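Report on the following structure.
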Protein chains: 2
Amino acid sequence: MKPTVTFAAGPSQIYFTVEDHMRQAFRDGIPSLGHRTKEFEAIFKSATDGLKELLGIPAGFHIFFAASATEIWERSVQNLVSEKSFHLVNGAFSSRFYEIAVLLGKNSEKHAVPLGQSFGDSVSVPAGTEMIGLTHNETSTGVSLTQEFINQYRTSNPEALIVVDAVSSLPYPSFDYTKVDSVFFSVQKGFGLPAGLGVWVVNDRCVAKAEKLLSDGKKIGTYHSIPFYLQNAKKNQTPETPNVLGIYLLSKVVEDFLRRGIQSLRKETEYKAAILCNLLENHPLLSPFVKDKNAQSKTVIVADCGEHVGKITNYLTELGMSPGDGYGELKKTQLRFANFPAHSREQYELLVDSLEKLK
Amino acid sequence: MKPTVTFAAGPSQIYFTVEDHMRQAFRDGIPSLGHRTKEFEAIFKSATDGLKELLGIPAGFHIFFAASATEIWERSVQNLVSEKSFHLVNGAFSSRFYEIAVLLGKNSEKHAVPLGQSFGDSVSVPAGTEMIGLTHNETSTGVSLTQEFINQYRTSNPEALIVVDAVSSLPYPSFDYTKVDSVFFSVQKGFGLPAGLGVWVVNDRCVAKAEKLLSDGKKIGTYHSIPFYLQNAKKNQTPETPNVLGIYLLSKVVEDFLRRGIQSLRKETEYKAAILCNLLENHPLLSPFVKDKNAQSKTVIVADCGEHVGKITNYLTELGMSPGDGYGELKKTQLRFANFPAHSREQYELLVDSLEKLK
């Protein structure tokens with residue numbers, strides 16, 4: 001029997017409306033829909049306008065669709081960095097953003113801290129940094145950056161573009177879009193959708209930078225360069241044949257989220273995080289991996305389980321709940337619990353009650 | 001009411017089993033399935049082994065998944081060309097392959113012929129060409145290359161890698177894989193699947209070339225470089241979180257095609273092409289755009305309709321059949337008819353009978 005609910009960090013639990021939306025998509029011919037049609041343009045507009053409303057993204061920002069957040073790491077560096085980016089690294093995913101910059105031949109630098117730790121109040125940025133890569137929620141360890149931490153860089157580095165990886169946190173965080181230039185995520189996490197779509201939000205400063213690189217004769221890629229994305233997005237189109245069904249499903253789930261209201265989603269996220277974190281603080285077998293409460297992620301909660309990983313996994317799986325493995329080496333001693341809108345209040349209460357009984 | 005069947009060249013008609021496969025996917029938890037699980041590896045293996053069997057792809061070839069054929073144009077040039085590629089251009093899509101090489105800074109050349117025409121018996125390849133880009137089926141005009149034409153380049157240019165865009169023809173063509181190094185397609189055409197997945201077939205010569213470029217200090221991309229693809233594919237995995245559902249659906253449709261048999265699919269394709277081409281030869285309002293019979297595509301059949309485009313489109317749409325528009329400027333005077341496995345014999349007979357009555 002398949003588990004009733006998966007707490008893996010992504011691909012994760014599918015939002016409860018998605019299967020119905022998929023059936024409707026087949027009834028409406030969406031899987032055959034051409035990407036140069038008026039119908040597709042309406043879907044593109046619904047998805048991007050809906051996301052702007054849901055996340056409070058102001059004028060001067062544009063939304064593009066990529067295949068994955070991994071692709072957006074690559075496209076960000078290609079389009080926004082001539083020589084040097086700077087990356088705050090505290091786990092596997094923030095590290096990969098840095099590594100991609102190096103593979104693309106940039107003279108990039110990083111500031112790394114041990115797994116599970118925060119960066120303190122501030123990290124100084126090297127001179128000549130064109131792009132600061134911040135990972136709002138390090139999915140491998142469950143360390144989150146505060147909004148205050150993110151927002152300080154605009155003042156201290158007015159020239160640099162501030163790019164925020166929010167892969168496993170959106171739609172929960174409320175960013176101050178006057179303090180960041182780009183945010184991105186993939187849909188198989190907080191949006192409860194099948195994998196295969198990354199969403200890239202960029203502002204006009206990013207557009208100007210990419211255009212500057214291009215006019216300076218730099219290579220910024222081809223069909224997924226920012227100028228070519230923008231030229232198509234202005235027509236509510238994509239440069240290539242995209243994942244049409246994925247964009248359709250995103251537009252529908254965004255409608256669902258708007259109906260629930262972002263404040264309600266955020267409050268529920270905080271409630272669920274609070275009851276699980278509280279349990280971890282007081283459990284004989286589990287404890288929070290991230291000690292600094294300000295750095296504890298609300299959307300990917302990581303538990304140190306020591307030698308009990310197998311026992312806890314089996315216990316929860318029997319109850320129809322599949323916890324996420326720890327990442328990489330930490331798999332042996334940790335479990336991760338995604339806390340996304342697809343995870344209902346009732347499922348979280350059952351999870352916490354069940355773990356409580358394991359005491 | 002939605003048309004019963006679309007003859008657009010892609011996204012095109014969905015294969016008749018796809019909706020059931022999608023329902024089964026939801027029952028089996030595929031939309032939530034992690035891409036580092038044994039279950040995903042089995043799906044990856046089923047899709048790639050199935051494709052090798054279906055298309056007769058021999059040992060020494062590898063199959064990778066991209067987001068689109070557009071991405072594969074870019075990745076091909078990045079991974080296989082240091083200085084110079086050469087492209088045979090006879091329409092918008094073959095031209096775009098060339099343009100992408102230029103955008104990536106390559107010193108590429110092209111040989112172009114007018115729309116709707118073939119390249120004759122042979123085209124000489126400039127010295128120093130590392131990759132020859134051939135478009136087996138130019139989707140914009142319905143011009144196809146013969147296998148003899150493709151196969152001559154191995155002998156005349158043994159050092160060059162021969163890369164074949166088969167986006168809108170596979171699974172119909174039977175390539176001689178001793179004469180080509182790479183073939184690619186996207187699933188929303190001949191495989192009757194929702195858009196959002198490109199399939200890239202490369203041999204060990206391509207792997208060696210990418211590794212050589214890398215060891216020479218060239219930039220060949222990051223997560224979708226051939227060496228990184230291969231490292232993951234050996235584990236039946238992908239570098240990034242892929243379109244899991246798309247790969248699952250592909251594996252299922254490939255199973256369906258294998259059950260029908262590739263010879264049966266090919267014969268049916270030829271039968272359907274023959275009845276439509278025969279009609280076009282003898283119709284007062286429509287005529288074949290491609291005059292050279294050897295160059296007429298079997299999978300995208302393009303009709304010159306002169307001033308009757310609107311009338312024919314309305315007539316067919318009323319009957320529940322949606323023809324594909326002509327491409328670009330040719331939209332005003334042409335219609336395109338995709339002839340894929342998703343278009344049944346009965347649908348084609350109805351299409352031809354209906355057009356016959358329009359005389």
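Every chain in the structure tokens has a letter given in the order shown (A, B, ...), and although residue numbers restart at 1 in each chain, ligands are simply numbered from 1 in the order shown.
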Inset, instruction - Considering only C-alpha atoms, extract the chain B residues located within 8 Å of chain A and return them as a ChimeraX atom specification. - result: /B:2,6,8,10-14,19,26,28-29,31-35,67-68,70-71,74,100,103-105,188,193-197,219,221-223,240-245
With DSSP run on the backbone, what are the helix (DSSP H, G or I) residues within range 7-249 of chain B? I'd like them as a tab-separated table (two decimals) with C-alpha atoms, in the first residue's frame.
```tsv
chain	number	residue	atom	x	y	z
B	18	VAL	CA	-2.42	8.61	-22.03
B	19	GLU	CA	-5.39	9.67	-19.94
B	20	ASP	CA	-5.66	6.20	-18.39
B	21	HIS	CA	-1.93	6.17	-17.71
B	22	MET	CA	-2.31	9.52	-15.99
B	23	ARG	CA	-5.08	8.17	-13.75
B	24	GLN	CA	-2.95	5.17	-12.88
B	25	ALA	CA	-0.04	7.50	-12.13
B	26	PHE	CA	-2.12	9.31	-9.52
B	27	ARG	CA	-3.29	6.00	-8.03
B	30	ILE	CA	3.87	9.01	-9.22
B	31	PRO	CA	3.26	12.80	-8.95
B	32	SER	CA	4.83	12.69	-5.45
B	38	LYS	CA	14.26	2.80	-6.57
B	39	GLU	CA	10.78	3.30	-8.04
B	40	PHE	CA	11.97	6.24	-10.13
B	41	GLU	CA	15.04	4.31	-11.26
B	42	ALA	CA	12.74	1.53	-12.50
B	43	ILE	CA	10.68	4.07	-14.48
B	44	PHE	CA	13.84	5.62	-15.96
B	45	LYS	CA	15.10	2.17	-16.95
B	46	SER	CA	11.77	1.15	-18.43
B	47	ALA	CA	11.59	4.34	-20.52
B	48	THR	CA	15.18	4.17	-21.80
B	49	ASP	CA	15.29	0.39	-22.37
B	50	GLY	CA	11.89	0.57	-24.04
B	51	LEU	CA	13.00	3.37	-26.37
B	52	LYS	CA	16.15	1.45	-27.31
B	53	GLU	CA	14.06	-1.59	-28.19
B	54	LEU	CA	11.39	0.39	-30.05
B	55	LEU	CA	13.81	2.46	-32.11
B	69	ALA	CA	14.16	19.76	-28.08
B	70	THR	CA	15.05	23.46	-27.95
B	71	GLU	CA	17.18	22.69	-24.92
B	72	ILE	CA	18.85	19.83	-26.82
B	73	TRP	CA	19.86	22.19	-29.65
B	74	GLU	CA	21.69	24.25	-27.03
B	75	ARG	CA	23.18	21.28	-25.16
B	76	SER	CA	24.34	19.66	-28.42
B	77	VAL	CA	26.32	22.71	-29.43
B	78	GLN	CA	27.69	23.24	-25.90
B	79	ASN	CA	28.84	19.65	-25.55
B	80	LEU	CA	29.89	18.72	-29.07
B	92	ALA	CA	12.48	27.74	-39.33
B	93	PHE	CA	13.53	24.87	-37.08
B	94	SER	CA	16.71	23.80	-38.87
B	95	SER	CA	17.57	27.50	-38.96
B	96	ARG	CA	17.09	27.84	-35.22
B	97	PHE	CA	19.58	25.01	-34.56
B	98	TYR	CA	22.15	27.02	-36.57
B	99	GLU	CA	21.22	30.29	-34.83
B	100	ILE	CA	21.71	28.72	-31.41
B	101	ALA	CA	25.23	27.69	-32.42
B	102	VAL	CA	25.95	31.28	-33.45
B	103	LEU	CA	24.47	32.66	-30.21
B	147	GLN	CA	18.06	7.82	-44.91
B	148	GLU	CA	20.50	7.61	-47.85
B	149	PHE	CA	21.07	11.34	-47.68
B	150	ILE	CA	21.76	11.21	-43.94
B	151	ASN	CA	23.95	8.12	-44.12
B	152	GLN	CA	26.41	9.47	-46.69
B	153	TYR	CA	27.97	11.92	-44.22
B	154	ARG	CA	29.69	9.28	-42.11
B	155	THR	CA	31.85	8.22	-45.06
B	156	SER	CA	32.52	11.71	-46.37
B	204	ASP	CA	30.12	7.13	-27.00
B	205	ARG	CA	31.72	9.35	-29.63
B	206	CYS	CA	29.62	12.21	-28.29
B	207	VAL	CA	30.64	11.33	-24.74
B	208	ALA	CA	34.31	11.32	-25.77
B	209	LYS	CA	33.97	14.68	-27.51
B	210	ALA	CA	32.33	16.32	-24.48
B	211	GLU	CA	35.00	14.87	-22.19
B	212	LYS	CA	37.71	16.15	-24.53
B	213	LEU	CA	36.24	19.65	-24.54
B	214	LEU	CA	36.05	19.54	-20.74
B	215	SER	CA	39.64	18.37	-20.35
B	226	ILE	CA	26.98	14.97	-21.23
B	227	PRO	CA	29.44	13.67	-18.59
B	228	PHE	CA	27.11	14.64	-15.74
B	229	TYR	CA	24.08	13.24	-17.57
B	230	LEU	CA	25.95	9.97	-18.09
B	231	GLN	CA	27.13	9.71	-14.51
B	232	ASN	CA	23.50	9.91	-13.40
B	233	ALA	CA	22.05	7.79	-16.21
B	244	VAL	CA	8.97	12.55	-13.36
B	245	LEU	CA	5.39	12.26	-14.57
B	246	GLY	CA	6.47	12.95	-18.16
B	247	ILE	CA	9.10	10.20	-18.02
B	248	TYR	CA	6.54	7.82	-16.49
B	249	LEU	CA	4.00	8.55	-19.24
```
Legend entry - Shell around Ser297 in chain B at 12 Å using only C-alpha atoms, local window under 2 positions removed, as JSON, numbers by chain: {"B": [116, 117, 118, 135, 136, 137, 138, 139, 140, 141, 142, 143, 144, 145, 146, 166, 168, 169, 170, 172, 173, 269, 270, 272, 273, 274, 276, 277, 288, 289, 290, 291, 292, 293, 294, 295, 299, 300, 301, 302, 303, 336, 337, 338, 339, 340]}
Selected residues written out, N, CA and C atoms, as a short mmCIF file (atom, residue, chain, number, x, y, z; two decimals), in the first residue's frame:
```cif
data_model
loop_
_atom_site.label_atom_id
_atom_site.label_comp_id
_atom_site.auth_asym_id
_atom_site.auth_seq_id
_atom_site.Cartn_x
_atom_site.Cartn_y
_atom_site.Cartn_z
N GLY B 116 10.55 24.37 -48.61
CA GLY B 116 9.83 23.37 -49.39
C GLY B 116 10.71 22.59 -50.35
N GLN B 117 11.98 22.98 -50.45
CA GLN B 117 12.87 22.27 -51.38
C GLN B 117 13.83 21.34 -50.64
N SER B 118 14.32 20.35 -51.39
CA SER B 118 15.28 19.42 -50.80
C SER B 118 16.69 19.90 -51.08
N THR B 135 18.31 18.14 -39.97
CA THR B 135 16.94 18.09 -39.48
C THR B 135 16.18 17.08 -40.32
N HIS B 136 15.93 15.92 -39.74
CA HIS B 136 15.31 14.85 -40.52
C HIS B 136 13.97 15.27 -41.08
N ASN B 137 13.24 16.02 -40.28
CA ASN B 137 11.89 16.42 -40.69
C ASN B 137 11.69 17.87 -40.30
N GLU B 138 11.73 18.75 -41.29
CA GLU B 138 11.57 20.18 -41.02
C GLU B 138 10.07 20.44 -40.79
N THR B 139 9.72 20.63 -39.51
CA THR B 139 8.31 20.71 -39.12
C THR B 139 7.58 21.88 -39.76
N SER B 140 8.31 22.95 -40.10
CA SER B 140 7.64 24.14 -40.63
C SER B 140 7.19 23.95 -42.07
N THR B 141 7.83 23.05 -42.80
CA THR B 141 7.54 22.94 -44.24
C THR B 141 7.19 21.53 -44.70
N GLY B 142 7.43 20.52 -43.83
CA GLY B 142 7.13 19.14 -44.24
C GLY B 142 8.13 18.57 -45.23
N VAL B 143 9.39 19.02 -45.15
CA VAL B 143 10.44 18.43 -45.98
C VAL B 143 11.25 17.45 -45.13
N SER B 144 11.42 16.24 -45.66
CA SER B 144 12.13 15.19 -44.94
C SER B 144 13.41 14.83 -45.66
N LEU B 145 14.41 14.38 -44.90
CA LEU B 145 15.63 13.86 -45.52
C LEU B 145 15.49 12.35 -45.68
N THR B 146 16.03 11.81 -46.76
CA THR B 146 16.02 10.35 -46.89
C THR B 146 17.14 9.76 -46.01
N ALA B 166 15.14 14.78 -34.96
CA ALA B 166 14.02 13.96 -35.45
C ALA B 166 12.77 14.30 -34.64
N SER B 168 9.92 15.85 -35.08
CA SER B 168 8.54 15.60 -35.50
C SER B 168 8.43 14.37 -36.40
N SER B 169 9.40 13.46 -36.30
CA SER B 169 9.29 12.25 -37.12
C SER B 169 9.33 10.96 -36.31
N LEU B 170 10.17 10.90 -35.29
CA LEU B 170 10.19 9.66 -34.50
C LEU B 170 8.84 9.43 -33.84
N TYR B 172 8.63 7.17 -36.32
CA TYR B 172 8.50 6.62 -37.66
C TYR B 172 9.83 6.21 -38.31
N PRO B 173 10.86 7.09 -38.35
CA PRO B 173 12.04 6.72 -39.14
C PRO B 173 12.89 5.63 -38.48
N THR B 269 1.54 4.54 -40.54
CA THR B 269 1.97 5.90 -40.89
C THR B 269 2.04 6.06 -42.40
N GLU B 270 2.62 5.08 -43.07
CA GLU B 270 2.77 5.17 -44.53
C GLU B 270 1.42 5.11 -45.24
N LYS B 272 -1.49 6.12 -44.00
CA LYS B 272 -2.18 7.39 -43.78
C LYS B 272 -1.56 8.51 -44.64
N ALA B 273 -0.22 8.53 -44.71
CA ALA B 273 0.44 9.54 -45.54
C ALA B 273 0.04 9.35 -47.01
N ALA B 274 -0.02 8.10 -47.43
CA ALA B 274 -0.32 7.83 -48.85
C ALA B 274 -1.71 8.32 -49.22
N LEU B 276 -3.52 10.66 -47.79
CA LEU B 276 -3.63 12.12 -47.78
C LEU B 276 -2.83 12.73 -48.95
N CYS B 277 -1.64 12.23 -49.20
CA CYS B 277 -0.83 12.77 -50.31
C CYS B 277 -1.54 12.55 -51.64
N PRO B 288 0.11 19.48 -52.73
CA PRO B 288 1.25 19.29 -51.83
C PRO B 288 2.23 20.45 -51.97
N PHE B 289 2.69 21.01 -50.84
CA PHE B 289 3.67 22.09 -50.88
C PHE B 289 5.02 21.56 -51.35
N VAL B 290 5.39 20.39 -50.87
CA VAL B 290 6.68 19.80 -51.24
C VAL B 290 6.48 18.99 -52.52
N LYS B 291 7.16 19.41 -53.59
CA LYS B 291 6.92 18.80 -54.90
C LYS B 291 7.73 17.52 -55.07
N ASP B 292 8.96 17.52 -54.57
CA ASP B 292 9.84 16.36 -54.70
C ASP B 292 9.31 15.23 -53.81
N LYS B 293 8.83 14.17 -54.45
CA LYS B 293 8.18 13.11 -53.68
C LYS B 293 9.13 12.47 -52.66
N ASN B 294 10.41 12.39 -52.99
CA ASN B 294 11.39 11.82 -52.06
C ASN B 294 11.56 12.65 -50.80
N ALA B 295 11.21 13.92 -50.92
CA ALA B 295 11.41 14.84 -49.80
C ALA B 295 10.12 15.09 -49.01
N THR B 299 5.24 12.39 -41.86
CA THR B 299 4.67 12.65 -40.53
C THR B 299 4.13 14.07 -40.36
N VAL B 300 4.56 14.99 -41.22
CA VAL B 300 3.98 16.34 -41.22
C VAL B 300 3.73 16.71 -42.67
N ILE B 301 2.47 16.62 -43.08
CA ILE B 301 2.11 16.77 -44.49
C ILE B 301 1.55 18.17 -44.70
N VAL B 302 2.20 18.90 -45.58
CA VAL B 302 1.88 20.32 -45.73
C VAL B 302 1.14 20.54 -47.05
N ALA B 303 0.00 21.22 -46.95
CA ALA B 303 -0.84 21.46 -48.13
C ALA B 303 -0.88 22.94 -48.47
N ARG B 336 -1.09 22.41 -42.22
CA ARG B 336 -0.22 21.25 -41.96
C ARG B 336 -1.03 20.16 -41.27
N PHE B 337 -0.76 18.93 -41.65
CA PHE B 337 -1.46 17.79 -41.06
C PHE B 337 -0.43 16.84 -40.45
N ALA B 338 -0.40 16.80 -39.13
CA ALA B 338 0.48 15.83 -38.47
C ALA B 338 -0.08 14.44 -38.67
N ASN B 339 0.81 13.48 -38.87
CA ASN B 339 0.44 12.09 -39.06
C ASN B 339 1.26 11.26 -38.08
N PHE B 340 0.77 11.21 -36.85
CA PHE B 340 1.48 10.56 -35.76
C PHE B 340 0.72 9.30 -35.34
#
```
Legend entry - Near-Tyr177 in chain B list (8 Å; only C-alpha atoms; drop same-chain fewer than 4 positions) as a ChimeraX atom specification: /B:57-58,181
Legend entry - Who sits within 8 Å of Gln334 in chain B, only C-alpha atoms, same chain under 3 positions skipped, as a ChimeraX atom specification: /B:302-306,309,325-327,330-331
Legend entry - Near-Leu351 in chain A list (8 Å; only C-alpha atoms; drop same-chain fewer than 3 positions) as a ChimeraX atom specification: /A:316,321,347-348,354-355
Using C-alpha atoms, can you write the selected residues to a file as a compact mmCIF listing (two decimals), in the first residue's frame?
```txt
# COMPACT_ATOMS: atom_id res chain seq x y z
CA LEU A 316 5.31 6.25 10.81
CA MET A 321 2.96 8.63 6.93
CA GLN A 347 -2.14 15.39 8.97
CA TYR A 348 0.35 17.39 11.01
CA SER A 354 1.81 9.66 16.66
CA LEU A 355 5.37 10.72 17.45
```
Legend entry - Two-atom distance - CA of Gln263 in chain A, CA of Gly320 in chain A (Å):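 So the two atoms, CA of Gln263 in chain A and CA of Gly320 in chain A, lie 29.2 Å apart.
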